[in-house]
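Pasting start32.csv here (CSV, C-alpha atoms and all ligand atoms):
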```csv
chain,number,residue,atom,x,y,z
A,29,MET,CA,-53.0,71.1,31.2
A,30,LYS,CA,-51.6,74.2,29.6
A,31,ILE,CA,-47.9,73.6,28.9
A,32,ALA,CA,-45.0,75.5,27.4
A,33,VAL,CA,-41.8,73.8,26.1
A,34,VAL,CA,-38.9,76.3,25.9
A,35,GLY,CA,-36.5,75.3,23.1
A,36,ALA,CA,-37.6,74.0,19.7
A,37,GLY,CA,-34.6,71.8,19.0
A,38,SER,CA,-34.8,68.0,18.6
A,39,TRP,CA,-35.6,67.2,22.3
A,40,GLY,CA,-38.0,70.1,22.9
A,41,THR,CA,-39.9,69.3,19.7
A,42,ALA,CA,-40.1,65.6,20.5
A,43,LEU,CA,-41.3,66.3,24.1
A,44,ALA,CA,-43.9,68.8,22.8
A,45,LYS,CA,-45.2,66.1,20.4
A,46,VAL,CA,-45.5,63.6,23.3
A,47,LEU,CA,-47.4,66.1,25.5
A,48,SER,CA,-49.6,67.2,22.7
A,49,GLU,CA,-50.5,63.5,21.9
A,50,LYS,CA,-51.3,63.1,25.6
A,51,GLY,CA,-54.0,65.7,25.1
A,52,HIS,CA,-52.3,68.7,26.7
A,53,GLU,CA,-52.5,72.2,25.2
A,54,VAL,CA,-48.9,72.8,24.3
A,55,PHE,CA,-46.9,75.9,23.1
A,56,LEU,CA,-43.4,75.3,21.8
A,57,LEU,CA,-41.3,78.4,22.2
A,58,ALA,CA,-38.8,78.7,19.5
A,59,ARG,CA,-35.9,81.2,19.1
A,60,ARG,CA,-36.3,81.7,15.3
A,61,SER,CA,-39.6,82.6,13.6
A,62,GLU,CA,-38.8,80.3,10.6
A,63,VAL,CA,-38.8,77.3,13.0
A,64,ALA,CA,-42.2,78.4,14.6
A,65,GLU,CA,-43.7,79.0,11.1
A,66,ALA,CA,-42.6,75.6,9.8
A,67,ILE,CA,-44.1,73.9,12.8
A,68,ASN,CA,-47.4,75.9,12.6
A,69,HIS,CA,-47.8,75.7,8.8
A,70,ARG,CA,-46.0,72.6,7.6
A,71,ARG,CA,-46.4,70.6,10.9
A,72,GLU,CA,-42.7,69.8,10.8
A,73,ASN,CA,-39.4,71.0,12.3
A,74,PRO,CA,-37.2,70.3,9.3
A,75,GLN,CA,-33.9,71.3,10.8
A,76,TYR,CA,-34.2,69.1,14.0
A,77,LEU,CA,-36.7,66.4,13.2
A,78,PRO,CA,-37.0,66.2,9.5
A,79,GLY,CA,-39.8,63.9,8.2
A,80,ILE,CA,-41.7,63.8,11.6
A,81,ILE,CA,-45.3,65.0,11.3
A,82,LEU,CA,-46.2,67.0,14.3
A,83,PRO,CA,-49.8,67.0,15.8
A,84,ALA,CA,-52.2,69.6,14.4
A,85,GLU,CA,-52.9,70.8,18.0
A,86,LEU,CA,-49.3,71.6,18.7
A,87,GLN,CA,-48.6,75.4,18.4
A,88,ALA,CA,-45.3,77.1,18.1
A,89,SER,CA,-44.4,80.7,18.8
A,90,VAL,CA,-41.4,83.1,19.3
A,91,GLU,CA,-43.5,85.3,21.6
A,92,PRO,CA,-42.7,84.9,25.3
A,93,GLU,CA,-46.2,86.1,26.1
A,94,VAL,CA,-47.4,82.5,25.5
A,95,LEU,CA,-45.7,81.6,28.8
A,96,ARG,CA,-48.0,83.7,30.9
A,97,ASP,CA,-50.9,81.4,31.6
A,98,ARG,CA,-49.0,78.0,31.6
A,99,GLU,CA,-49.5,75.4,34.3
A,100,LEU,CA,-46.2,73.7,33.4
A,101,ILE,CA,-43.0,74.9,31.8
A,102,LEU,CA,-40.3,72.5,30.3
A,103,TRP,CA,-36.8,73.9,29.8
A,104,VAL,CA,-35.1,72.2,26.8
A,105,VAL,CA,-32.3,74.6,25.7
A,106,PRO,CA,-28.5,73.8,25.8
A,107,CYS,CA,-27.2,74.0,29.3
A,108,GLN,CA,-24.9,76.9,28.8
A,109,SER,CA,-27.8,79.0,27.4
A,110,LEU,CA,-30.2,78.4,30.2
A,111,ARG,CA,-29.2,81.3,32.4
A,112,GLY,CA,-29.5,83.8,29.5
A,113,VAL,CA,-32.8,82.4,28.4
A,114,LEU,CA,-34.1,82.6,32.0
A,115,LYS,CA,-33.0,86.2,32.3
A,116,SER,CA,-34.9,87.1,29.2
A,117,LEU,CA,-38.1,85.2,30.1
A,118,ARG,CA,-38.4,85.5,33.9
A,119,ASP,CA,-40.8,88.4,33.7
A,120,TYR,CA,-43.3,86.2,31.9
A,121,LEU,CA,-43.1,83.4,34.5
A,122,GLY,CA,-45.0,82.8,37.7
A,123,SER,CA,-42.8,82.3,40.8
A,124,ASP,CA,-44.4,79.0,41.7
A,125,THR,CA,-45.3,77.5,38.2
A,126,PRO,CA,-44.2,73.9,38.1
A,127,MET,CA,-41.1,73.5,35.9
A,128,ILE,CA,-39.2,70.6,34.5
A,129,SER,CA,-35.6,70.7,33.2
A,130,ALA,CA,-34.9,68.2,30.5
A,131,ILE,CA,-31.4,69.5,30.1
A,132,LYS,CA,-28.3,67.3,30.5
A,133,GLY,CA,-25.3,69.4,31.4
A,134,ILE,CA,-23.4,71.4,34.0
A,135,GLU,CA,-22.8,75.2,33.8
A,136,ILE,CA,-19.0,75.8,33.2
A,137,GLU,CA,-18.7,79.1,35.2
A,138,SER,CA,-20.7,78.1,38.3
A,139,GLY,CA,-20.5,74.3,38.3
A,140,LYS,CA,-24.2,74.3,38.8
A,141,THR,CA,-26.7,71.9,37.2
A,142,PRO,CA,-29.8,73.3,35.4
A,143,PHE,CA,-32.0,72.5,38.5
A,144,GLU,CA,-29.7,74.6,40.6
A,145,VAL,CA,-29.8,77.4,38.1
A,146,LEU,CA,-33.6,77.3,38.2
A,147,GLN,CA,-33.5,77.3,42.0
A,148,GLU,CA,-31.4,80.5,41.8
A,149,PHE,CA,-34.1,82.2,39.6
A,150,PHE,CA,-37.1,80.9,41.5
A,151,PRO,CA,-35.9,80.3,45.1
A,152,GLU,CA,-39.5,80.0,46.4
A,153,ASN,CA,-40.6,77.5,43.8
A,154,ARG,CA,-41.1,74.0,45.4
A,155,ALA,CA,-42.3,72.6,42.1
A,156,LEU,CA,-39.0,72.3,40.2
A,157,MET,CA,-38.3,68.9,38.6
A,158,VAL,CA,-35.9,67.1,36.3
A,159,LEU,CA,-36.6,64.7,33.5
A,160,SER,CA,-33.8,62.4,32.3
A,161,GLY,CA,-33.1,58.9,31.0
A,162,PRO,CA,-32.3,57.0,27.8
A,163,SER,CA,-34.4,58.8,25.2
A,164,PHE,CA,-33.1,59.7,21.7
A,165,ALA,CA,-35.5,62.4,20.4
A,166,LEU,CA,-35.9,60.7,17.0
A,167,GLU,CA,-37.1,57.5,18.6
A,168,VAL,CA,-39.5,59.2,20.9
A,169,ALA,CA,-40.8,61.3,18.0
A,170,ASN,CA,-41.4,58.0,16.2
A,171,ARG,CA,-43.3,56.7,19.2
A,172,LEU,CA,-40.8,53.9,19.9
A,173,PRO,CA,-41.1,52.6,23.5
A,174,THR,CA,-39.0,54.7,25.9
A,175,ALA,CA,-38.6,54.8,29.7
A,176,VAL,CA,-37.4,57.9,31.5
A,177,VAL,CA,-37.3,59.3,35.1
A,178,LEU,CA,-39.0,62.3,36.6
A,179,ALA,CA,-37.3,63.5,39.8
A,180,GLY,CA,-38.5,66.1,42.2
A,181,GLU,CA,-38.3,66.8,46.0
A,182,ASP,CA,-42.1,66.7,46.6
A,183,GLU,CA,-43.3,63.1,46.1
A,184,LYS,CA,-47.0,63.9,45.7
A,185,LEU,CA,-46.2,66.5,43.0
A,186,VAL,CA,-43.8,64.2,41.1
A,187,HIS,CA,-46.4,61.4,41.3
A,188,SER,CA,-49.1,63.6,39.8
A,189,PHE,CA,-46.9,64.8,36.9
A,190,GLN,CA,-45.7,61.2,36.3
A,191,GLU,CA,-49.4,60.3,35.7
A,192,ALA,CA,-50.2,63.4,33.8
A,193,LEU,CA,-47.3,63.2,31.3
A,194,SER,CA,-46.9,59.4,30.7
A,195,LEU,CA,-48.1,57.6,27.6
A,196,PRO,CA,-47.8,53.9,26.9
A,197,TYR,CA,-44.8,54.5,24.6
A,198,PHE,CA,-43.4,57.1,27.0
A,199,ARG,CA,-43.2,55.6,30.4
A,200,ILE,CA,-42.1,57.9,33.2
A,201,TYR,CA,-40.7,56.4,36.4
A,202,ARG,CA,-40.4,58.7,39.4
A,203,SER,CA,-37.5,59.5,41.8
A,204,LEU,CA,-36.8,61.8,44.7
A,205,ASP,CA,-33.1,61.9,44.0
A,206,VAL,CA,-33.0,65.1,41.9
A,207,ARG,CA,-29.3,65.5,42.3
A,208,GLY,CA,-28.5,61.9,41.2
A,209,VAL,CA,-30.9,61.9,38.2
A,210,GLU,CA,-29.6,65.2,37.0
A,211,LEU,CA,-25.9,64.4,37.4
A,212,CYS,CA,-26.3,61.0,35.7
A,213,GLY,CA,-27.6,62.7,32.6
A,214,ALA,CA,-24.8,65.3,32.5
A,215,LEU,CA,-21.9,63.1,33.3
A,216,LYS,CA,-22.7,60.2,31.0
A,217,ASN,CA,-22.2,62.5,28.0
A,218,ILE,CA,-18.4,62.7,28.6
A,219,ILE,CA,-18.2,58.9,28.8
A,220,ALA,CA,-20.2,58.7,25.5
A,221,ILE,CA,-17.5,60.9,23.9
A,222,ALA,CA,-14.9,58.5,25.2
A,223,ALA,CA,-16.8,55.4,23.8
A,224,GLY,CA,-17.0,57.1,20.5
A,225,ILE,CA,-13.3,57.8,20.4
A,226,SER,CA,-12.6,54.2,21.3
A,227,ASP,CA,-14.8,53.0,18.5
A,228,GLY,CA,-13.3,55.5,16.1
A,229,LEU,CA,-9.9,54.2,16.9
A,230,GLY,CA,-11.2,50.6,16.3
A,231,LEU,CA,-10.4,49.4,19.8
A,232,GLY,CA,-13.2,46.9,19.8
A,233,LEU,CA,-16.2,45.8,21.9
A,234,ASN,CA,-14.2,44.7,24.9
A,235,ALA,CA,-12.7,48.2,25.2
A,236,ARG,CA,-16.1,49.8,24.9
A,237,ALA,CA,-17.6,47.6,27.6
A,238,ALA,CA,-14.6,48.5,29.9
A,239,LEU,CA,-15.1,52.2,29.2
A,240,ILE,CA,-18.8,52.0,30.1
A,241,THR,CA,-18.1,50.1,33.3
A,242,ARG,CA,-15.1,52.1,34.5
A,243,GLY,CA,-16.9,55.3,33.3
A,244,LEU,CA,-19.9,54.4,35.5
A,245,SER,CA,-17.5,53.9,38.4
A,246,GLU,CA,-16.0,57.3,38.1
A,247,ILE,CA,-19.2,59.2,37.5
A,248,ILE,CA,-20.6,57.5,40.7
A,249,ARG,CA,-17.5,58.7,42.6
A,250,LEU,CA,-18.1,62.4,41.6
A,251,GLY,CA,-21.9,62.1,41.8
A,252,VAL,CA,-21.9,60.8,45.4
A,253,LYS,CA,-19.4,63.5,46.4
A,254,LEU,CA,-21.8,66.0,45.0
A,255,GLY,CA,-24.8,64.6,46.9
A,256,ALA,CA,-26.3,62.0,44.6
A,257,LYS,CA,-27.5,58.6,45.8
A,258,SER,CA,-25.4,55.9,44.3
A,259,ILE,CA,-28.4,53.6,43.5
A,260,THR,CA,-29.6,56.2,41.0
A,261,PHE,CA,-26.6,55.4,38.8
A,262,SER,CA,-27.9,51.9,38.3
A,263,GLY,CA,-31.2,53.2,37.0
A,264,LEU,CA,-32.6,54.6,33.8
A,265,ALA,CA,-30.9,58.0,34.1
A,266,GLY,CA,-27.5,56.3,35.0
A,267,LEU,CA,-26.7,52.9,33.5
A,268,GLY,CA,-29.7,53.2,31.1
A,269,ASP,CA,-28.6,56.4,29.5
A,270,LEU,CA,-24.9,55.5,29.7
A,271,VAL,CA,-25.4,52.3,27.7
A,272,LEU,CA,-27.7,54.1,25.2
A,273,THR,CA,-25.3,57.0,24.4
A,274,CYS,CA,-22.1,54.9,24.5
A,275,THR,CA,-23.5,52.4,22.0
A,276,GLY,CA,-26.1,54.3,19.9
A,277,ASN,CA,-24.8,56.2,16.8
A,278,LEU,CA,-27.8,58.5,17.1
A,279,SER,CA,-25.9,60.1,20.0
A,280,ARG,CA,-24.3,63.4,19.1
A,281,ASN,CA,-21.7,63.0,21.9
A,282,TYR,CA,-20.7,59.5,20.7
A,283,THR,CA,-20.5,60.8,17.1
A,284,VAL,CA,-18.2,63.7,18.1
A,285,GLY,CA,-16.0,61.1,19.8
A,286,PHE,CA,-16.1,58.7,16.9
A,287,ARG,CA,-15.0,61.4,14.5
A,288,LEU,CA,-12.2,62.4,16.9
A,289,GLY,CA,-11.1,58.8,17.0
A,290,LYS,CA,-11.0,58.8,13.2
A,291,GLY,CA,-8.6,61.6,13.3
A,292,GLU,CA,-10.7,64.7,12.7
A,293,LYS,CA,-9.9,67.9,14.6
A,294,LEU,CA,-12.5,69.2,17.1
A,295,SER,CA,-12.6,72.5,15.2
A,296,GLU,CA,-13.6,70.7,12.0
A,297,ILE,CA,-16.3,68.7,13.7
A,298,LEU,CA,-17.8,71.8,15.3
A,299,GLN,CA,-18.2,73.4,11.9
A,300,ASP,CA,-20.8,70.9,10.8
A,301,LEU,CA,-22.3,70.0,14.1
A,302,HIS,CA,-25.6,71.7,14.0
A,303,GLN,CA,-26.9,70.3,17.3
A,304,VAL,CA,-25.6,70.5,20.8
A,305,ALA,CA,-23.3,67.8,22.2
A,306,GLU,CA,-23.4,68.8,25.8
A,307,GLY,CA,-20.5,66.6,26.8
A,308,LEU,CA,-18.0,69.0,25.2
A,309,LYS,CA,-18.8,71.7,27.7
A,310,THR,CA,-19.6,69.4,30.5
A,311,ALA,CA,-16.0,68.1,30.2
A,312,LEU,CA,-14.8,71.6,31.2
A,313,ALA,CA,-17.1,71.8,34.1
A,314,VAL,CA,-16.2,68.3,35.3
A,315,LYS,CA,-12.5,69.0,35.1
A,316,LYS,CA,-13.0,71.9,37.6
A,317,LEU,CA,-15.4,69.9,39.8
A,318,SER,CA,-13.2,66.8,40.0
A,319,GLU,CA,-10.2,68.9,40.9
A,320,LYS,CA,-12.1,70.9,43.5
A,321,HIS,CA,-13.5,67.8,45.2
A,322,GLN,CA,-10.4,65.7,44.6
A,323,VAL,CA,-12.2,62.9,42.7
A,324,GLU,CA,-10.1,60.8,40.4
A,325,MET,CA,-11.8,60.6,37.0
A,326,PRO,CA,-9.3,59.2,34.5
A,327,ILE,CA,-11.7,58.7,31.6
A,328,SER,CA,-13.2,62.2,31.9
A,329,GLU,CA,-9.7,63.6,32.3
A,330,ALA,CA,-8.6,61.8,29.1
A,331,VAL,CA,-11.5,63.2,27.2
A,332,TYR,CA,-10.7,66.7,28.5
A,333,ARG,CA,-7.1,66.4,27.3
A,334,ILE,CA,-8.1,65.2,23.8
A,335,LEU,CA,-10.7,68.0,23.5
A,336,TYR,CA,-8.8,71.0,25.0
A,337,GLU,CA,-5.1,70.1,25.2
A,338,GLU,CA,-4.9,68.7,21.7
A,339,GLU,CA,-3.4,65.4,23.0
A,340,SER,CA,-3.8,62.7,20.4
A,341,PRO,CA,-6.3,60.0,21.2
A,342,ALA,CA,-3.6,57.3,20.8
A,343,GLU,CA,-1.3,59.0,23.3
A,344,VAL,CA,-4.1,59.5,25.8
A,345,LEU,CA,-5.0,55.8,25.4
A,346,ARG,CA,-1.4,54.7,26.0
A,347,LYS,CA,-1.4,56.7,29.3
A,348,LEU,CA,-4.8,55.3,30.3
A,349,LEU,CA,-3.6,51.7,29.8
A,350,SER,CA,-0.3,52.2,31.7
A,351,ARG,CA,-2.0,53.5,34.9
A,352,PRO,CA,-1.1,51.5,38.0
A,353,LEU,CA,-3.2,48.3,38.5
A,354,LYS,CA,-5.7,48.6,41.3
A,355,ALA,CA,-8.6,46.8,43.0
A,356,GLU,CA,-11.9,47.0,41.1
A,357,PHE,CA,-13.9,48.4,44.0
A,358,GLU,CA,-12.3,50.7,46.5
A,359,VAL,CA,-14.7,49.8,49.3
A,360,LEU,CA,-13.9,46.0,49.3
A,361,PRO,CA,-10.8,44.8,51.4
A,362,LEU,CA,-9.2,42.9,48.5
A,401,LIG,N1,-31.9,65.3,21.5
A,401,LIG,C1,-32.0,64.3,22.4
A,401,LIG,O1,-32.2,63.1,22.0
A,401,LIG,C2,-32.0,64.6,23.8
A,401,LIG,C3,-31.5,65.8,24.3
A,401,LIG,N2,-31.5,66.1,25.7
A,401,LIG,C4,-31.0,67.3,26.2
A,401,LIG,O2,-31.9,68.4,25.8
A,401,LIG,C5,-31.2,69.6,25.8
A,401,LIG,C6,-31.5,70.3,24.4
A,401,LIG,O3,-31.0,69.4,23.4
A,401,LIG,P1,-31.5,69.3,22.0
A,401,LIG,O4,-33.0,69.7,21.9
A,401,LIG,O5,-31.1,67.9,21.5
A,401,LIG,O6,-30.6,70.4,21.2
A,401,LIG,P2,-30.7,70.9,19.8
A,401,LIG,O7,-29.3,71.2,19.4
A,401,LIG,O8,-31.4,69.9,18.9
A,401,LIG,O9,-31.6,72.2,19.8
A,401,LIG,C7,-31.2,73.2,20.7
A,401,LIG,C8,-32.4,74.2,20.8
A,401,LIG,O10,-32.1,75.2,21.7
A,401,LIG,C9,-32.2,76.5,21.1
A,401,LIG,N3,-31.2,77.4,21.6
A,401,LIG,C10,-29.9,77.3,21.6
A,401,LIG,N4,-29.3,78.3,22.2
A,401,LIG,C11,-30.3,79.1,22.6
A,401,LIG,C12,-30.4,80.4,23.3
A,401,LIG,N5,-29.3,81.0,23.7
A,401,LIG,N6,-31.6,80.9,23.5
A,401,LIG,C13,-32.7,80.3,23.1
A,401,LIG,N7,-32.7,79.1,22.5
A,401,LIG,C14,-31.5,78.5,22.2
A,401,LIG,C15,-31.9,76.2,19.6
A,401,LIG,O11,-32.5,77.3,18.8
A,401,LIG,P3,-31.9,77.6,17.4
A,401,LIG,O12,-32.5,76.5,16.5
A,401,LIG,O13,-32.5,78.9,17.1
A,401,LIG,O14,-30.4,77.6,17.5
A,401,LIG,C16,-32.7,74.9,19.5
A,401,LIG,O15,-34.1,75.1,19.4
A,401,LIG,C17,-29.7,69.2,25.9
A,401,LIG,O16,-29.3,69.5,27.2
A,401,LIG,C18,-29.7,67.7,25.6
A,401,LIG,O17,-28.6,67.1,26.3
A,401,LIG,C19,-32.0,65.2,26.5
A,401,LIG,C20,-32.5,64.0,26.1
A,401,LIG,C21,-32.6,63.6,24.7
A,402,LIG,O1,-29.2,62.1,26.1
A,402,LIG,C1,-29.5,61.6,25.0
A,402,LIG,C2,-30.3,60.4,25.0
A,402,LIG,O2,-30.8,60.0,26.2
A,402,LIG,C3,-29.1,62.2,23.8
A,402,LIG,O3,-27.7,62.0,23.6
A,402,LIG,P1,-26.8,63.0,22.7
A,402,LIG,O4,-27.0,64.4,23.3
A,402,LIG,O5,-25.5,62.4,22.8
A,402,LIG,O6,-27.4,62.9,21.3
```

Could you rewrite the structure in this file as structure tokens?
Amino acid sequence: MKIAVVGAGSWGTALAKVLSEKGHEVFLLARRSEVAEAINHRRENPQYLPGIILPAELQASVEPEVLRDRELILWVVPCQSLRGVLKSLRDYLGSDTPMISAIKGIEIESGKTPFEVLQEFFPENRALMVLSGPSFALEVANRLPTAVVLAGEDEKLVHSFQEALSLPYFRIYRSLDVRGVELCGALKNIIAIAAGISDGLGLGLNARAALITRGLSEIIRLGVKLGAKSITFSGLAGLGDLVLTCTGNLSRNYTVGFRLGKGEKLSEILQDLHQVAEGLKTALAVKKLSEKHQVEMPISEAVYRILYEEESPAEVLRKLLSRPLKAEFEVLPL
């Protein structure tokens, strides 16, 4: 299959490597020519995946022309950049070319997910899909076993892409709950920041387990209000990715939280953060969505206050722990 991956950061490069190893003809569309040149001539993306040797067949370019004859496009740019990237590239794209978003975020202005933004640009396209799940780029690039989920509305189509894109070390499960799979991936990043803060403060493993569990509970509440199926949250894109990013120090979101917990200011952290930590922006989008839909999200709210109202992590923690006691599950008559 002729494939283009748009976005030559860590995840775009790792996915392009997987697809190239599967035998597809892959173009990786970079924004900067030095990135494309390093990939084409040194077989490496030194800024984002240093030391990983990329397949000789994988080609990189900065020319949007390479999108013209592709049979599949993967979108792998930061969520807040997607709309601008689509505006600049739409003339090179077929209106019904299959497309997969591998982006985990929510647009701040519109409250839309990447899938919804793609639908806005390609309203007739019935071949839009979402890829999510626990998958650190570096581990995938090192061919460590990974399981992810591909979601789409057309079961036959998702099934065929599941087969076409899987490798033994990159197992793709399929789902019809696009909304759920996509929201899981976006919302877990905020909880990962919270887990990092907790670890940075030295609050211990009990606290982290509580954050993961209560975090899951609140992201299900919002997700279901927004049309997701609750069962999806117990799958790879939900619990799987939540556990990975709340416990793995390869996570950029967790790392930002950890540094905040250690007392660094967000402005200092942003200065040397050379990759995207989507949870920072998603926290703003979720603040608006939770207020609009009247969903209580105490952990996400706490992260928002630390990030954007400069409340100290210790003060936010004190408030979290003094919330009224309640039943664990709202639906049970306890
Ligand atoms: N890394 C991971 O392990 C995983 C990441 N994801 C998701 O994938 C998405 C991309 O993340 P990731 O690859 O890690 O991010 P990185 O920060 O590693 O790379 C971002 C890439 O996007 C490019 N980019 C940024 N802004 C623009 C823009 N306005 N126009 C065009 N290109 C732009 C960057 O180009 P430049 O270098 O020129 O700035 C860079 O190639 C995120 O939503 C993330 O949550 C999902 C699963 C795993
Ligand atoms: O989503 C990820 C792994 O599944 C990557 O997490 P970070 O963006 O926090 O690094």

Would you list the contacts of Ala223 of chain A as a ChimeraX atom specification, taking every protein, DNA or RNA residue within 8 Å and counting only C-alpha atoms, but skipping same-chain residues closer than 4 positions in sequence? /A:219,227,236,239-240,274-275,282,285-286

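Of note, atom CA of Gly228 of chain A and atom CA of Arg287 of chain A are spaced 6.3 Å apart.
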
Which protein, DNA or RNA residues have an atom within 8 Å of ligand LIG 401 (chain A), counting only C-alpha atoms and all ligand atoms, as a PDB file with C-alpha atoms, in the coordinates of the input?
```
ATOM      1  CA  VAL A  34     -38.900  76.300  25.900  1.00  0.00           C
ATOM      2  CA  GLY A  35     -36.500  75.300  23.100  1.00  0.00           C
ATOM      3  CA  ALA A  36     -37.600  74.000  19.700  1.00  0.00           C
ATOM      4  CA  GLY A  37     -34.600  71.800  19.000  1.00  0.00           C
ATOM      5  CA  SER A  38     -34.800  68.000  18.600  1.00  0.00           C
ATOM      6  CA  TRP A  39     -35.600  67.200  22.300  1.00  0.00           C
ATOM      7  CA  GLY A  40     -38.000  70.100  22.900  1.00  0.00           C
ATOM      8  CA  THR A  41     -39.900  69.300  19.700  1.00  0.00           C
ATOM      9  CA  ALA A  58     -38.800  78.700  19.500  1.00  0.00           C
ATOM     10  CA  ARG A  59     -35.900  81.200  19.100  1.00  0.00           C
ATOM     11  CA  ARG A  60     -36.300  81.700  15.300  1.00  0.00           C
ATOM     12  CA  VAL A  63     -38.800  77.300  13.000  1.00  0.00           C
ATOM     13  CA  GLN A  75     -33.900  71.300  10.800  1.00  0.00           C
ATOM     14  CA  TYR A  76     -34.200  69.100  14.000  1.00  0.00           C
ATOM     15  CA  VAL A 104     -35.100  72.200  26.800  1.00  0.00           C
ATOM     16  CA  VAL A 105     -32.300  74.600  25.700  1.00  0.00           C
ATOM     17  CA  PRO A 106     -28.500  73.800  25.800  1.00  0.00           C
ATOM     18  CA  CYS A 107     -27.200  74.000  29.300  1.00  0.00           C
ATOM     19  CA  GLN A 108     -24.900  76.900  28.800  1.00  0.00           C
ATOM     20  CA  SER A 109     -27.800  79.000  27.400  1.00  0.00           C
ATOM     21  CA  LEU A 110     -30.200  78.400  30.200  1.00  0.00           C
ATOM     22  CA  GLY A 112     -29.500  83.800  29.500  1.00  0.00           C
ATOM     23  CA  VAL A 113     -32.800  82.400  28.400  1.00  0.00           C
ATOM     24  CA  ALA A 130     -34.900  68.200  30.500  1.00  0.00           C
ATOM     25  CA  ILE A 131     -31.400  69.500  30.100  1.00  0.00           C
ATOM     26  CA  LYS A 132     -28.300  67.300  30.500  1.00  0.00           C
ATOM     27  CA  GLY A 133     -25.300  69.400  31.400  1.00  0.00           C
ATOM     28  CA  SER A 160     -33.800  62.400  32.300  1.00  0.00           C
ATOM     29  CA  GLY A 161     -33.100  58.900  31.000  1.00  0.00           C
ATOM     30  CA  PRO A 162     -32.300  57.000  27.800  1.00  0.00           C
ATOM     31  CA  SER A 163     -34.400  58.800  25.200  1.00  0.00           C
ATOM     32  CA  PHE A 164     -33.100  59.700  21.700  1.00  0.00           C
ATOM     33  CA  ALA A 165     -35.500  62.400  20.400  1.00  0.00           C
ATOM     34  CA  LEU A 166     -35.900  60.700  17.000  1.00  0.00           C
ATOM     35  CA  GLY A 213     -27.600  62.700  32.600  1.00  0.00           C
ATOM     36  CA  ALA A 214     -24.800  65.300  32.500  1.00  0.00           C
ATOM     37  CA  SER A 279     -25.900  60.100  20.000  1.00  0.00           C
ATOM     38  CA  HIS A 302     -25.600  71.700  14.000  1.00  0.00           C
ATOM     39  CA  GLN A 303     -26.900  70.300  17.300  1.00  0.00           C
ATOM     40  CA  VAL A 304     -25.600  70.500  20.800  1.00  0.00           C
ATOM     41  CA  ALA A 305     -23.300  67.800  22.200  1.00  0.00           C
ATOM     42  CA  GLU A 306     -23.400  68.800  25.800  1.00  0.00           C
TER      43      GLU A 306
END
```

Point out the residue among A:Thr283, A:Gln147, A:Gln87, A:Asn170 with the least atom-to-atom distance to ligand LIG 402 (chain A), counting only C-alpha atoms and all ligand atoms.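 Of A:Thr283, A:Gln147, A:Gln87, A:Asn170, the one nearest ligand LIG 402 (chain A) is A:Thr283, counting only C-alpha atoms and all ligand atoms.
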
Using all atoms listed in the file: which of A:Asp124, A:Glu167, A:Glu246, A:Glu93 has the shortest distance to ligand LIG 402 (chain A):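 Result for the nearest residue to ligand LIG 402 (chain A): A:Glu167.
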
Surrounding residues of segment 183-197 of chain A excluding itself and chain neighbours under 3 positions, 7 Å, all atoms listed in the file, as a compact mmCIF listing (two decimals) with C-alpha atoms, in the frame of the given file:
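Output file selection32.txt is given in full below:
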```txt
# COMPACT_ATOMS: atom_id res chain seq x y z
CA LEU A 47 -47.40 66.10 25.50
CA LYS A 50 -51.30 63.10 25.60
CA ARG A 171 -43.30 56.70 19.20
CA LEU A 172 -40.80 53.90 19.90
CA PRO A 173 -41.10 52.60 23.50
CA THR A 174 -39.00 54.70 25.90
CA LEU A 178 -39.00 62.30 36.60
CA ALA A 179 -37.30 63.50 39.80
CA GLY A 180 -38.50 66.10 42.20
CA ILE A 200 -42.10 57.90 33.20
CA TYR A 201 -40.70 56.40 36.40
CA ARG A 202 -40.40 58.70 39.40
CA LEU A 204 -36.80 61.80 44.70
```

Computed gap from atom CA of Ile80 of chain A to atom O6 of ligand LIG 402 (chain A) is 17.3 Å

Using only C-alpha atoms and all ligand atoms, can you tell me which of A:Val206, A:Met325, A:Leu272, A:Leu215 comes closest to ligand LIG 402 (chain A)?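 Looking only at the distances to ligand LIG 402 (chain A), the closest residue turns out to be A:Leu272.
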
Using all atoms listed in the file, determine which residues lie at most 12 Å from Glu144 of chain A, disregarding the query and same-chain residues fewer than 4 positions distant; provide the list as JSON, numbers by chain. {"A": [107, 110, 111, 128, 129, 131, 133, 134, 135, 138, 139, 140, 148, 149, 150, 151, 153, 156, 157, 158, 206, 207, 210, 211]}

Just write the chosen residues, C-alpha atoms, as a compact mmCIF listing (two decimals), in the frame of the given file.
```txt
# COMPACT_ATOMS: atom_id res chain seq x y z
CA CYS A 107 -27.20 74.00 29.30
CA LEU A 110 -30.20 78.40 30.20
CA ARG A 111 -29.20 81.30 32.40
CA ILE A 128 -39.20 70.60 34.50
CA SER A 129 -35.60 70.70 33.20
CA ILE A 131 -31.40 69.50 30.10
CA GLY A 133 -25.30 69.40 31.40
CA ILE A 134 -23.40 71.40 34.00
CA GLU A 135 -22.80 75.20 33.80
CA SER A 138 -20.70 78.10 38.30
CA GLY A 139 -20.50 74.30 38.30
CA LYS A 140 -24.20 74.30 38.80
CA GLU A 148 -31.40 80.50 41.80
CA PHE A 149 -34.10 82.20 39.60
CA PHE A 150 -37.10 80.90 41.50
CA PRO A 151 -35.90 80.30 45.10
CA ASN A 153 -40.60 77.50 43.80
CA LEU A 156 -39.00 72.30 40.20
CA MET A 157 -38.30 68.90 38.60
CA VAL A 158 -35.90 67.10 36.30
CA VAL A 206 -33.00 65.10 41.90
CA ARG A 207 -29.30 65.50 42.30
CA GLU A 210 -29.60 65.20 37.00
CA LEU A 211 -25.90 64.40 37.40
```

Given the point (-9.0, 50.6, 17.1) in the file's coordinates, find the residues that have an atom at most 12 Å from it, counting only C-alpha atoms, and give them as an NGL selection string. :A and (223-236 or 286 or 289-291 or 341-342 or 345)
